[in-house]
>>> print(open('target_19.cif').read())   # mmCIF, C-alpha atoms and all ligand atoms
data_final
#
loop_
_atom_site.label_atom_id
_atom_site.label_comp_id
_atom_site.auth_asym_id
_atom_site.auth_seq_id
_atom_site.Cartn_x
_atom_site.Cartn_y
_atom_site.Cartn_z
CA MET A 13 -44.06 -14.25 -19.46
CA GLY A 14 -44.43 -15.99 -22.78
CA THR A 15 -47.80 -14.38 -23.60
CA PRO A 16 -48.57 -13.90 -27.30
CA GLU A 17 -47.96 -10.18 -26.84
CA SER A 18 -44.51 -10.60 -25.37
CA ALA A 19 -43.71 -13.13 -28.09
CA SER A 20 -44.51 -10.59 -30.81
CA PHE A 21 -42.46 -7.94 -29.04
CA ASP A 22 -38.81 -8.72 -29.63
CA VAL A 23 -37.15 -7.10 -26.61
CA GLU A 24 -33.77 -8.62 -27.37
CA SER A 25 -33.57 -7.05 -30.82
CA ILE A 26 -34.70 -3.72 -29.36
CA ARG A 27 -32.04 -3.97 -26.65
CA ALA A 28 -29.40 -4.42 -29.34
CA ASP A 29 -30.14 -0.84 -30.47
CA PHE A 30 -29.17 0.50 -27.02
CA PRO A 31 -25.50 -0.31 -26.30
CA ILE A 32 -25.66 1.56 -22.99
CA LEU A 33 -27.74 -1.34 -21.62
CA ASP A 34 -24.61 -3.51 -21.74
CA ARG A 35 -22.92 -1.33 -19.15
CA GLU A 36 -21.92 -2.75 -15.83
CA ILE A 37 -22.46 -0.86 -12.61
CA GLY A 38 -19.90 -2.23 -10.15
CA ASP A 39 -20.19 -5.99 -10.56
CA SER A 40 -23.75 -5.91 -11.82
CA GLN A 41 -25.29 -5.47 -15.22
CA LEU A 42 -27.15 -2.17 -15.52
CA VAL A 43 -30.90 -2.45 -14.96
CA TYR A 44 -32.22 0.89 -16.13
CA LEU A 45 -35.59 1.63 -14.55
CA ASP A 46 -35.52 5.44 -14.57
CA ASN A 47 -37.21 5.95 -17.90
CA ALA A 48 -39.80 8.43 -16.66
CA ALA A 49 -36.88 10.76 -15.93
CA THR A 50 -35.16 10.14 -19.25
CA SER A 51 -35.16 7.26 -21.69
CA GLN A 52 -32.11 5.75 -23.34
CA THR A 53 -31.22 6.64 -26.91
CA PRO A 54 -31.06 4.08 -29.73
CA GLU A 55 -28.19 3.94 -32.21
CA GLN A 56 -30.48 5.24 -34.97
CA VAL A 57 -31.02 8.50 -33.07
CA VAL A 58 -27.35 8.83 -32.09
CA ASP A 59 -26.46 8.26 -35.76
CA SER A 60 -28.88 10.99 -36.81
CA ILE A 61 -27.06 13.46 -34.55
CA SER A 62 -23.60 12.44 -35.70
CA ASP A 63 -24.73 12.45 -39.33
CA TYR A 64 -25.91 16.04 -38.92
CA TYR A 65 -22.58 17.18 -37.45
CA ARG A 66 -20.53 15.12 -39.88
CA ARG A 67 -22.37 16.06 -43.07
CA TYR A 68 -24.59 19.14 -42.95
CA ASN A 69 -24.06 21.19 -39.78
CA ALA A 70 -25.21 24.74 -40.60
CA ASN A 71 -27.57 27.36 -39.31
CA VAL A 72 -31.14 27.22 -40.60
CA HIS A 73 -33.33 29.75 -42.42
CA ARG A 74 -30.24 31.75 -43.25
CA GLY A 75 -27.88 31.79 -46.18
CA LEU A 76 -28.45 30.13 -49.48
CA HIS A 77 -25.52 27.77 -49.29
CA GLN A 78 -26.02 24.06 -49.71
CA LEU A 79 -25.42 23.00 -46.11
CA SER A 80 -27.83 25.59 -44.75
CA GLN A 81 -30.46 24.50 -47.24
CA GLU A 82 -30.06 20.86 -46.26
CA ALA A 83 -30.20 21.66 -42.55
CA SER A 84 -33.22 23.93 -43.04
CA ILE A 85 -35.17 21.32 -44.97
CA ALA A 86 -34.39 18.58 -42.44
CA TYR A 87 -35.26 20.88 -39.52
CA GLU A 88 -38.55 22.02 -41.04
CA GLU A 89 -39.53 18.50 -42.05
CA ALA A 90 -38.81 17.35 -38.50
CA HIS A 91 -41.71 19.56 -37.37
CA ASP A 92 -44.00 17.85 -39.89
CA ARG A 93 -42.87 14.42 -38.69
CA VAL A 94 -43.59 15.30 -35.07
CA ALA A 95 -46.98 16.74 -36.08
CA GLU A 96 -47.81 13.44 -37.77
CA PHE A 97 -46.66 11.48 -34.71
CA ILE A 98 -49.24 13.20 -32.48
CA GLY A 99 -52.02 13.60 -35.04
CA ALA A 100 -51.68 17.36 -35.59
CA SER A 101 -53.14 17.74 -39.09
CA GLY A 102 -51.95 21.35 -39.37
CA GLY A 103 -48.37 20.10 -39.74
CA ARG A 104 -45.36 22.24 -38.84
CA GLU A 105 -47.39 25.38 -38.17
CA GLU A 106 -48.83 23.82 -35.04
CA ILE A 107 -45.52 22.43 -33.74
CA VAL A 108 -43.06 24.65 -31.86
CA PHE A 109 -39.72 23.15 -30.86
CA THR A 110 -38.74 24.22 -27.35
CA LYS A 111 -36.12 23.00 -24.90
CA ASN A 112 -38.44 20.63 -23.01
CA THR A 113 -41.97 20.22 -21.62
CA THR A 114 -41.21 22.85 -18.99
CA GLU A 115 -40.33 25.47 -21.59
CA SER A 116 -43.43 24.55 -23.63
CA MET A 117 -45.54 25.18 -20.54
CA ASN A 118 -43.81 28.49 -19.83
CA THR A 119 -44.24 29.58 -23.44
CA VAL A 120 -48.02 29.35 -23.13
CA ALA A 121 -48.05 30.71 -19.59
CA TYR A 122 -46.14 33.82 -20.65
CA ALA A 123 -47.37 34.27 -24.22
CA TRP A 124 -51.03 33.49 -23.53
CA GLY A 125 -51.40 33.70 -19.75
CA LEU A 126 -49.88 37.13 -19.11
CA ALA A 127 -52.03 38.61 -21.86
CA GLU A 128 -55.30 36.84 -21.13
CA LEU A 129 -55.52 36.29 -17.37
CA GLY A 130 -56.61 38.72 -14.70
CA PRO A 131 -58.37 38.93 -11.33
CA GLY A 132 -61.46 36.73 -11.25
CA ASP A 133 -60.04 34.28 -13.80
CA GLU A 134 -59.34 30.74 -12.70
CA ILE A 135 -56.77 28.15 -13.70
CA VAL A 136 -57.77 24.59 -12.85
CA MET A 137 -55.07 21.96 -12.41
CA THR A 138 -54.96 18.56 -10.71
CA GLU A 139 -53.28 17.55 -7.48
CA MET A 140 -51.03 15.26 -9.51
CA GLU A 141 -49.46 17.95 -11.71
CA HIS A 142 -45.72 17.93 -12.21
CA HIS A 143 -44.00 21.09 -10.95
CA ALA A 144 -43.51 22.06 -14.60
CA ALA A 145 -47.21 22.93 -14.72
CA LEU A 146 -47.94 23.57 -11.08
CA VAL A 147 -45.21 26.10 -10.37
CA THR A 148 -45.59 27.80 -13.74
CA TRP A 149 -49.34 28.46 -13.47
CA GLN A 150 -49.04 29.26 -9.76
CA GLN A 151 -46.53 32.00 -10.52
CA ILE A 152 -48.43 33.32 -13.55
CA ALA A 153 -51.51 33.49 -11.33
CA LYS A 154 -49.54 35.61 -8.85
CA LYS A 155 -48.45 37.95 -11.63
CA THR A 156 -51.94 38.34 -13.10
CA GLY A 157 -54.22 38.12 -10.04
CA ALA A 158 -55.82 34.89 -11.33
CA THR A 159 -56.66 32.03 -8.95
CA VAL A 160 -55.48 28.42 -9.13
CA LYS A 161 -57.66 25.48 -8.13
CA PHE A 162 -56.86 21.78 -7.93
CA ILE A 163 -59.00 18.80 -8.89
CA GLU A 164 -58.66 16.24 -6.12
CA VAL A 165 -57.01 12.86 -6.46
CA ASP A 166 -58.99 10.11 -4.69
CA ASP A 167 -57.60 7.41 -2.40
CA GLU A 168 -56.94 5.04 -5.28
CA GLY A 169 -55.00 7.62 -7.26
CA TYR A 170 -57.68 8.59 -9.78
CA LEU A 171 -58.93 12.08 -10.53
CA ASP A 172 -62.25 12.89 -8.90
CA MET A 173 -64.24 13.76 -12.02
CA ASP A 174 -67.24 15.03 -10.00
CA HIS A 175 -64.88 17.50 -8.37
CA ALA A 176 -63.53 18.40 -11.82
CA ARG A 177 -67.07 19.23 -13.00
CA GLU A 178 -67.60 21.35 -9.89
CA LEU A 179 -64.33 23.26 -10.19
CA ILE A 180 -64.44 23.99 -13.92
CA THR A 181 -66.89 26.87 -14.36
CA ASP A 182 -67.40 29.87 -16.60
CA ASP A 183 -64.66 31.60 -14.57
CA THR A 184 -62.14 28.98 -15.72
CA GLU A 185 -59.82 30.22 -18.45
CA MET A 186 -57.31 27.38 -18.48
CA VAL A 187 -57.48 23.73 -17.46
CA SER A 188 -53.95 22.33 -17.22
CA VAL A 189 -53.81 18.57 -16.73
CA VAL A 190 -51.21 15.89 -16.83
CA HIS A 191 -52.10 13.10 -19.28
CA VAL A 192 -50.23 10.39 -17.38
CA SER A 193 -48.97 11.01 -13.85
CA ASN A 194 -45.21 10.58 -13.48
CA THR A 195 -45.71 9.59 -9.84
CA LEU A 196 -48.96 7.61 -9.69
CA GLY A 197 -48.98 6.12 -13.17
CA THR A 198 -52.62 7.24 -13.45
CA GLN A 199 -53.91 7.72 -17.00
CA ASN A 200 -56.22 10.71 -16.89
CA PRO A 201 -59.39 11.05 -19.03
CA VAL A 202 -58.07 14.12 -20.81
CA SER A 203 -60.62 14.06 -23.59
CA ASP A 204 -63.50 14.11 -21.06
CA LEU A 205 -61.75 16.99 -19.30
CA ALA A 206 -61.40 18.78 -22.64
CA ASP A 207 -65.18 18.46 -23.12
CA VAL A 208 -65.84 19.92 -19.67
CA ALA A 209 -63.35 22.74 -20.26
CA HIS A 210 -64.80 23.60 -23.67
CA ASP A 211 -68.37 23.55 -22.31
CA HIS A 212 -67.23 26.50 -20.20
CA ASP A 213 -65.23 28.21 -22.96
CA SER A 214 -61.99 27.37 -21.20
CA LEU A 215 -58.83 26.20 -22.93
CA ILE A 216 -57.11 22.95 -21.98
CA PHE A 217 -53.36 22.34 -21.82
CA VAL A 218 -52.38 18.69 -21.67
CA ASP A 219 -48.96 17.75 -20.28
CA GLY A 220 -48.04 14.73 -22.36
CA ALA A 221 -44.49 14.23 -21.07
CA GLN A 222 -45.37 10.72 -19.85
CA SER A 223 -47.93 9.78 -22.48
CA VAL A 224 -46.37 10.53 -25.88
CA PRO A 225 -43.39 8.20 -25.24
CA HIS A 226 -45.64 5.32 -24.23
CA GLN A 227 -48.93 5.26 -26.13
CA PRO A 228 -50.50 6.39 -29.39
CA VAL A 229 -51.54 10.02 -28.92
CA ASP A 230 -53.91 12.01 -31.12
CA VAL A 231 -54.10 15.60 -29.97
CA GLU A 232 -57.09 16.27 -32.20
CA ALA A 233 -59.06 13.30 -30.86
CA ILE A 234 -58.32 14.60 -27.35
CA ASP A 235 -59.26 18.08 -28.56
CA ALA A 236 -56.35 19.60 -26.63
CA ASP A 237 -55.79 23.30 -27.24
CA PHE A 238 -52.16 22.99 -26.19
CA PHE A 239 -50.10 19.86 -25.67
CA ALA A 240 -46.47 19.47 -24.51
CA PHE A 241 -43.84 16.76 -24.29
CA SER A 242 -40.07 16.20 -24.20
CA GLY A 243 -37.80 14.45 -26.70
CA HIS A 244 -35.55 12.90 -24.07
CA LYS A 245 -38.27 10.67 -22.63
CA MET A 246 -39.10 9.10 -26.02
CA CYS A 247 -35.75 7.86 -27.36
CA GLY A 248 -34.86 11.35 -28.54
CA PRO A 249 -32.05 13.62 -27.37
CA THR A 250 -32.11 16.08 -24.49
CA GLY A 251 -32.55 19.72 -25.41
CA VAL A 252 -35.69 19.46 -27.51
CA GLY A 253 -39.28 19.60 -26.39
CA VAL A 254 -42.50 20.20 -28.24
CA LEU A 255 -45.36 22.63 -27.88
CA TYR A 256 -48.41 21.77 -29.96
CA GLY A 257 -51.04 24.48 -30.20
CA LYS A 258 -54.17 24.84 -32.28
CA ARG A 259 -53.25 27.08 -35.13
CA HIS A 260 -55.76 29.85 -34.43
CA LEU A 261 -54.48 30.09 -30.85
CA LEU A 262 -50.79 30.20 -31.79
CA ASP A 263 -51.70 32.75 -34.46
CA SER A 264 -53.42 35.02 -31.97
CA MET A 265 -50.62 34.87 -29.38
CA GLN A 266 -47.71 37.24 -29.15
CA PRO A 267 -44.24 35.66 -28.94
CA TYR A 268 -42.65 35.14 -25.56
CA LEU A 269 -39.00 35.27 -26.61
CA TYR A 270 -37.76 37.98 -28.97
CA GLY A 271 -34.73 38.17 -31.24
CA GLY A 272 -33.46 36.86 -34.52
CA MET A 273 -35.22 34.26 -36.69
CA MET A 274 -38.65 34.97 -35.24
CA ILE A 275 -39.15 38.29 -37.06
CA GLU A 276 -40.49 39.27 -40.45
CA LYS A 277 -39.60 42.98 -40.63
CA VAL A 278 -37.65 45.09 -38.16
CA THR A 279 -37.28 48.88 -38.01
CA PHE A 280 -35.80 51.01 -35.25
CA ASP A 281 -39.35 51.59 -34.04
CA ASP A 282 -41.10 48.25 -34.28
CA SER A 283 -41.05 44.68 -35.59
CA THR A 284 -43.43 42.15 -37.10
CA TRP A 285 -43.35 38.41 -36.62
CA HIS A 286 -42.38 35.52 -38.83
CA GLU A 287 -45.01 32.91 -39.72
CA LEU A 288 -45.81 29.93 -37.51
CA PRO A 289 -44.11 28.17 -35.88
CA TRP A 290 -40.96 30.25 -36.29
CA LYS A 291 -42.31 33.27 -34.42
CA PHE A 292 -42.03 31.14 -31.26
CA GLU A 293 -38.51 29.88 -32.01
CA ALA A 294 -36.28 32.88 -31.33
CA GLY A 295 -32.56 32.63 -32.03
CA THR A 296 -30.70 29.63 -33.42
CA PRO A 297 -33.06 26.74 -32.71
CA VAL A 298 -32.49 23.15 -31.62
CA ILE A 299 -31.41 21.96 -35.04
CA SER A 300 -29.68 18.61 -34.55
CA GLU A 301 -31.95 17.77 -31.62
CA GLY A 302 -35.11 18.50 -33.59
CA ILE A 303 -33.96 16.40 -36.53
CA ALA A 304 -33.03 13.57 -34.15
CA LEU A 305 -36.45 13.80 -32.49
CA ALA A 306 -38.05 13.06 -35.86
CA GLU A 307 -35.76 10.01 -36.07
CA ALA A 308 -37.01 8.95 -32.61
CA CYS A 309 -40.60 9.17 -33.93
CA ASP A 310 -39.60 6.88 -36.81
CA TYR A 311 -37.95 4.48 -34.39
CA LEU A 312 -41.02 4.23 -32.15
CA ASP A 313 -43.42 3.98 -35.08
CA ASP A 314 -41.35 1.13 -36.52
CA ILE A 315 -42.03 -0.78 -33.31
CA GLY A 316 -45.64 0.43 -33.22
CA MET A 317 -47.01 2.61 -30.43
CA GLU A 318 -49.75 0.11 -29.51
CA ARG A 319 -47.07 -2.48 -28.86
CA VAL A 320 -44.94 0.03 -26.95
CA GLN A 321 -47.96 0.72 -24.75
CA ARG A 322 -48.85 -2.94 -24.19
CA HIS A 323 -45.27 -3.78 -23.24
CA GLY A 324 -44.99 -0.93 -20.72
CA GLU A 325 -48.35 -1.62 -19.13
CA ARG A 326 -47.61 -5.33 -18.91
CA LEU A 327 -44.30 -4.67 -17.13
CA ALA A 328 -45.96 -2.20 -14.76
CA ALA A 329 -48.68 -4.73 -13.93
CA TYR A 330 -46.03 -7.39 -13.34
CA ALA A 331 -44.03 -5.04 -11.09
CA HIS A 332 -47.21 -4.10 -9.25
CA ASP A 333 -47.99 -7.79 -8.66
CA ARG A 334 -44.49 -8.61 -7.48
CA LEU A 335 -44.23 -5.61 -5.16
CA SER A 336 -47.72 -6.29 -3.78
CA GLU A 337 -46.39 -9.57 -2.36
CA PHE A 338 -44.71 -7.60 0.43
CA GLU A 339 -46.59 -6.11 3.37
CA ASP A 340 -43.92 -3.51 4.03
CA ILE A 341 -44.29 -1.99 0.55
CA ARG A 342 -46.87 0.71 -0.15
CA ILE A 343 -47.57 1.30 -3.82
CA LEU A 344 -48.77 4.76 -4.82
CA GLY A 345 -51.53 5.00 -7.42
CA PRO A 346 -54.01 2.73 -9.19
CA ALA A 347 -54.18 -1.04 -9.40
CA GLY A 348 -51.76 -2.99 -11.53
CA ASP A 349 -54.00 -3.55 -14.51
CA ASP A 350 -54.81 0.12 -14.83
CA ARG A 351 -51.56 2.00 -14.75
CA ALA A 352 -48.99 3.37 -17.13
CA ALA A 353 -45.44 2.05 -17.30
CA LEU A 354 -44.25 2.98 -13.82
CA VAL A 355 -44.61 2.06 -10.16
CA SER A 356 -43.78 4.38 -7.25
CA PHE A 357 -43.56 2.85 -3.81
CA THR A 358 -42.32 3.26 -0.29
CA LEU A 359 -40.63 0.61 1.83
CA ASP A 360 -41.46 0.77 5.55
CA SER A 361 -38.67 2.18 7.67
CA VAL A 362 -36.25 2.61 4.77
CA HIS A 363 -35.99 6.07 3.22
CA ALA A 364 -36.43 6.17 -0.54
CA HIS A 365 -32.92 7.57 -0.95
CA ASP A 366 -31.47 4.59 0.92
CA VAL A 367 -33.60 2.26 -1.19
CA SER A 368 -32.22 3.77 -4.37
CA GLU A 369 -28.66 3.60 -3.05
CA ILE A 370 -28.93 -0.11 -2.30
CA LEU A 371 -30.59 -0.69 -5.65
CA ASN A 372 -27.78 1.20 -7.34
CA ALA A 373 -25.24 -1.02 -5.61
CA ASN A 374 -27.00 -3.85 -7.44
CA GLY A 375 -26.96 -2.06 -10.78
CA VAL A 376 -30.62 -1.07 -10.58
CA ALA A 377 -31.31 2.58 -11.47
CA VAL A 378 -34.53 4.05 -10.06
CA ARG A 379 -35.50 7.54 -9.06
CA ALA A 380 -36.01 8.46 -5.41
CA GLY A 381 -37.55 11.66 -4.12
CA ASP A 382 -40.78 13.50 -4.80
CA HIS A 383 -40.45 13.24 -8.60
CA CYS A 384 -41.32 16.95 -8.89
CA THR A 385 -44.74 16.33 -7.37
CA GLN A 386 -44.09 17.61 -3.86
CA PRO A 387 -47.65 18.71 -3.00
CA LEU A 388 -48.95 15.29 -4.13
CA HIS A 389 -46.43 13.53 -1.88
CA ASP A 390 -47.50 15.82 0.99
CA LYS A 391 -51.11 14.84 0.38
CA LEU A 392 -50.19 11.15 0.35
CA GLY A 393 -48.34 11.64 3.63
CA VAL A 394 -44.95 10.54 2.33
CA SER A 395 -41.90 12.74 1.97
CA ALA A 396 -40.36 10.65 -0.78
CA SER A 397 -40.90 7.51 -2.79
CA ALA A 398 -38.84 5.24 -5.02
CA ARG A 399 -40.00 4.88 -8.60
CA ALA A 400 -39.32 2.15 -11.14
CA SER A 401 -40.30 3.24 -14.63
CA PHE A 402 -40.19 1.03 -17.69
CA TYR A 403 -39.66 1.28 -21.41
CA ILE A 404 -39.42 -0.80 -24.55
CA TYR A 405 -36.13 -2.48 -23.64
CA ASN A 406 -37.03 -3.56 -20.10
CA THR A 407 -37.87 -7.13 -19.17
CA GLU A 408 -39.64 -9.04 -16.45
CA ALA A 409 -36.24 -10.40 -15.38
CA GLU A 410 -35.26 -6.79 -14.64
CA VAL A 411 -38.34 -6.37 -12.47
CA ASP A 412 -37.24 -9.51 -10.63
CA ALA A 413 -33.77 -7.95 -10.17
CA LEU A 414 -35.45 -4.91 -8.59
CA VAL A 415 -37.48 -7.06 -6.21
CA ASP A 416 -34.39 -9.11 -5.24
CA ALA A 417 -32.37 -5.97 -4.57
CA LEU A 418 -35.15 -4.67 -2.32
CA ASP A 419 -34.62 -7.74 -0.15
CA GLU A 420 -31.10 -6.58 0.46
CA ALA A 421 -32.32 -3.11 1.47
CA ARG A 422 -34.71 -4.74 3.90
CA GLU A 423 -31.96 -6.87 5.45
CA LEU A 424 -29.53 -3.96 5.77
CA PHE A 425 -32.02 -1.64 7.42
CA ALA A 426 -34.02 -4.19 9.45
N1 LIG A 501 -44.43 16.78 -16.91
C1 LIG A 501 -44.34 15.51 -16.52
C2 LIG A 501 -45.57 14.68 -16.32
C3 LIG A 501 -43.07 14.96 -16.31
O1 LIG A 501 -42.98 13.70 -15.91
C4 LIG A 501 -41.93 15.76 -16.50
C5 LIG A 501 -40.55 15.25 -16.21
C6 LIG A 501 -42.11 17.07 -16.93
C7 LIG A 501 -43.38 17.56 -17.12
C8 LIG A 501 -40.97 17.97 -17.20
O2 LIG A 501 -40.22 17.51 -18.28
P1 LIG A 501 -38.87 18.27 -18.69
O3 LIG A 501 -38.36 17.52 -19.85
O4 LIG A 501 -39.24 19.66 -18.98
O5 LIG A 501 -37.98 18.16 -17.49
N2 LIG A 501 -40.51 14.29 -15.22
C9 LIG A 501 -39.41 13.82 -14.62
C10 LIG A 501 -39.49 12.78 -13.71
O6 LIG A 501 -40.52 12.21 -13.37
N3 LIG A 501 -38.25 12.51 -13.26
O7 LIG A 501 -37.39 13.36 -13.85
C11 LIG A 501 -38.10 14.18 -14.69
#
>>> encode(input="target_19.cif", output="structure tokens", more="lines below")
Ligand code: 7TS
Amino acid sequence: MGTPESASFDVESIRADFPILDREIGDSQLVYLDNAATSQTPEQVVDSISDYYRRYNANVHRGLHQLSQEASIAYEEAHDRVAEFIGASGGREEIVFTKNTTESMNTVAYAWGLAELGPGDEIVMTEMEHHAALVTWQQIAKKTGATVKFIEVDDEGYLDMDHARELITDDTEMVSVVHVSNTLGTQNPVSDLADVAHDHDSLIFVDGAQSVPHQPVDVEAIDADFFAFSGHKMCGPTGVGVLYGKRHLLDSMQPYLYGGMMIEKVTFDDSTWHELPWKFEAGTPVISEGIALAEACDYLDDIGMERVQRHGERLAAYAHDRLSEFEDIRILGPAGDDRAALVSFTLDSVHAHDVSEILNANGVAVRAGDHCTQPLHDKLGVSASARASFYIYNTEAEVDALVDALDEARELFA
């Protein structure tokens, strides 16, 4: 508390942008620590949505009327803004708006995977993948006869890179890795993994759902072939996700959803596809959500992504320190000074669901369960964990509120 970094990071003025944080839950002030599931939305982003519906709600790419032109320009420019946010120099052509990270993953799995994979081909993932990747590639492998393999997570919660180098071979066609684990808080060396993948002519798909909201990301520096994330975890609205793909790959892929907007010419016999990225955005797209996502990028850039990262990591380290004081708490994942902005833990003899219920009674919102990483929880030998995940508006006092509320859980269940 009171470090130069925290002094330069004005949490109180950030909190003022999020009126939901003033809510009371029962008799307590809301302490929102479920940001890895979804972040809260600042006034600026809410205003962007209401401005769209109040002033220029219209369908895009159609009609020459004024409202449609305004909506089209804002929607297209939103792709450029998102491209800039993640360092995609190809601009809008490399940015597909989807519904969420999950749909981005499925788009590549269906559009690329069904066409390219077959018996003998291998997909390499990690044991810490979110179900969005794990289930998707598992099922595509079943459809195509490909095999899935998993890079092991070691006892401290890091990826075993020697195992990665063993598993990734010339048979590997796709390496699909999570950038930051939503359960362990591990930050994976995705650019090293990209090098290994490319040495074997494999592609790499990076799941950035937990990285893009929290740290500066440059997809070209990582050398990711595909990269996915969700608007709702980075101050944006629900309903919009992003698929980045290298242009030559997106160009070579067939669309996965067919219909209006994604076509160039249609006859009764056949159709041709619209240019990138529109060939992957069939039907009326996520117009207001996409525009608001660009506003969320502006909001985060105004704070500065390095500062966003430092704040989150500092809170996670503080939470790790505080929770480590207790012998009956087991923390999942790496040490406090080496983790992203979340801490998952178990409390001896109290089920994670009971922990979250008691916390909720004290206004503290955390997630309890397997966080969509069931096989990882199985490996760790726990059926469920509680997870506190932090963002720009959280404070050390809120971590203290979490720790105090855990005392109550302990007393009730002792
Ligand atoms: N990948 C990771 C690493 C995630 O954390 C999540 C969501 C997803 C993919 C899927 O994102 P979606 O927007 O498509 O749902 N993770 C969580 C979580 O940890 N708690 O709720 C959702």
>>> closest_residue(input="target_19.cif", among="A:Ile135, A:Leu335, A:Val355, A:Ala294", to="ligand LIG 501 (chain A)", atoms="all atoms listed in the file")
A:Val355
>>> residues_around(input="target_19.cif", residues="stretch 43-56 of chain A", least_positions_apart="5", cutoff="6 Å", atoms="all atoms listed in the file", output="PyMOL selection string")
chain A and resi 29-30+244-245+247+375-379+400-402
>>> residues_near_ligand(input="target_19.cif", ligand="ligand LIG 501 (chain A)", cutoff="10 Å", atoms="only C-alpha atoms and all ligand atoms", output="number ranges by chain")
A: 46-50, 110-118, 140-146, 189-195, 197, 218-223, 240-245, 250-254, 354, 378-385, 399, 401
>>> atom_distance(input="target_19.cif", atom1="atom CA of A:Ile163", atom2="atom CA of A:Thr138")
4.4 Å
>>> closest_residue(input="target_19.cif", among="A:Ala70, A:Gly157, A:Val208, A:Leu327", to="A:Leu179", atoms="all atoms listed in the file")
A:Val208
>>> residues_around(input="target_19.cif", residues="A:Ala86", least_positions_apart="6", cutoff="12 Å", atoms="only C-alpha atoms", output="JSON, numbers by chain")
{"A": [60, 61, 63, 64, 68, 69, 70, 71, 72, 73, 79, 80, 92, 93, 298, 299, 300, 301, 302, 303, 304, 305, 306, 307]}
>>> closest_residue(input="target_19.cif", among="A:Trp124, A:Ser203, A:Gly248, A:Glu89", to="A:Tyr311", atoms="all atoms listed in the file")
A:Gly248
>>> closest_residue(input="target_19.cif", among="A:Thr284, A:Gln321, A:Thr184, A:Gln266", to="A:His226", atoms="all atoms listed in the file")
A:Gln321
>>> atom_distance(input="target_19.cif", atom1="atom CA of A:Gly99", atom2="atom CA of A:Glu232")
6.4 Å
>>> residues_around(input="target_19.cif", residues="A:Ile107", least_positions_apart="3", cutoff="7 Å", atoms="only C-alpha atoms", output="PyMOL selection string")
chain A and resi 91+95+104+254-257+289
>>> closest_residue(input="target_19.cif", among="A:Val120, A:Val231, A:Tyr170, A:Leu205", to="A:Ser101", atoms="all atoms listed in the file")
A:Val231
>>> atom_distance(input="target_19.cif", atom1="atom CA of A:Val165", atom2="atom CA of A:Ser395")
17.3 Å
>>> residues_around(input="target_19.cif", residues="A:Asp340", least_positions_apart="4", cutoff="12 Å", atoms="all atoms listed in the file", output="ChimeraX atom specification")
/A:335-336,357-362,418-419,421-422,426
>>> residues_near_point(input="target_19.cif", point="(-61.6, 17.5, -26.9)", cutoff="8 Å", atoms="all atoms listed in the file", output="list in words")
Val202, Ser203, Asp204, Leu205, Ala206, Asp207, His210, Glu232, Ala233, Ile234, Asp235 and Ala236 of chain A
>>> residues_around(input="target_19.cif", residues="A:Pro131", least_positions_apart="5", cutoff="8 Å", atoms="all atoms listed in the file", output="ChimeraX atom specification")
/A:156-159
>>> closest_residue(input="target_19.cif", among="A:His260, A:His363, A:His389, A:Arg74", to="A:Glu139", atoms="only C-alpha atoms")
A:His389
>>> residues_near_point(input="target_19.cif", point="(-53.2, 30.9, -7.1)", cutoff="12 Å", atoms="all atoms listed in the file", output="list in words")
Leu129, Gly130, Pro131, Gly132, Asp133, Glu134, Ile135, Val136, Met137, Leu146, Val147, Thr148, Trp149, Gln150, Gln151, Ile152, Ala153, Lys154, Lys155, Thr156, Gly157, Ala158, Thr159, Val160, Lys161 and Phe162 of chain A
>>> write_last_selection(input="target_19.cif", atoms="C-alpha atoms", output="tab-separated table (two decimals), in the coordinates of the input")
chain	number	residue	atom	x	y	z
A	129	LEU	CA	-55.52	36.29	-17.37
A	130	GLY	CA	-56.61	38.72	-14.70
A	131	PRO	CA	-58.37	38.93	-11.33
A	132	GLY	CA	-61.46	36.73	-11.25
A	133	ASP	CA	-60.04	34.28	-13.80
A	134	GLU	CA	-59.34	30.74	-12.70
A	135	ILE	CA	-56.77	28.15	-13.70
A	136	VAL	CA	-57.77	24.59	-12.85
A	137	MET	CA	-55.07	21.96	-12.41
A	146	LEU	CA	-47.94	23.57	-11.08
A	147	VAL	CA	-45.21	26.10	-10.37
A	148	THR	CA	-45.59	27.80	-13.74
A	149	TRP	CA	-49.34	28.46	-13.47
A	150	GLN	CA	-49.04	29.26	-9.76
A	151	GLN	CA	-46.53	32.00	-10.52
A	152	ILE	CA	-48.43	33.32	-13.55
A	153	ALA	CA	-51.51	33.49	-11.33
A	154	LYS	CA	-49.54	35.61	-8.85
A	155	LYS	CA	-48.45	37.95	-11.63
A	156	THR	CA	-51.94	38.34	-13.10
A	157	GLY	CA	-54.22	38.12	-10.04
A	158	ALA	CA	-55.82	34.89	-11.33
A	159	THR	CA	-56.66	32.03	-8.95
A	160	VAL	CA	-55.48	28.42	-9.13
A	161	LYS	CA	-57.66	25.48	-8.13
A	162	PHE	CA	-56.86	21.78	-7.93
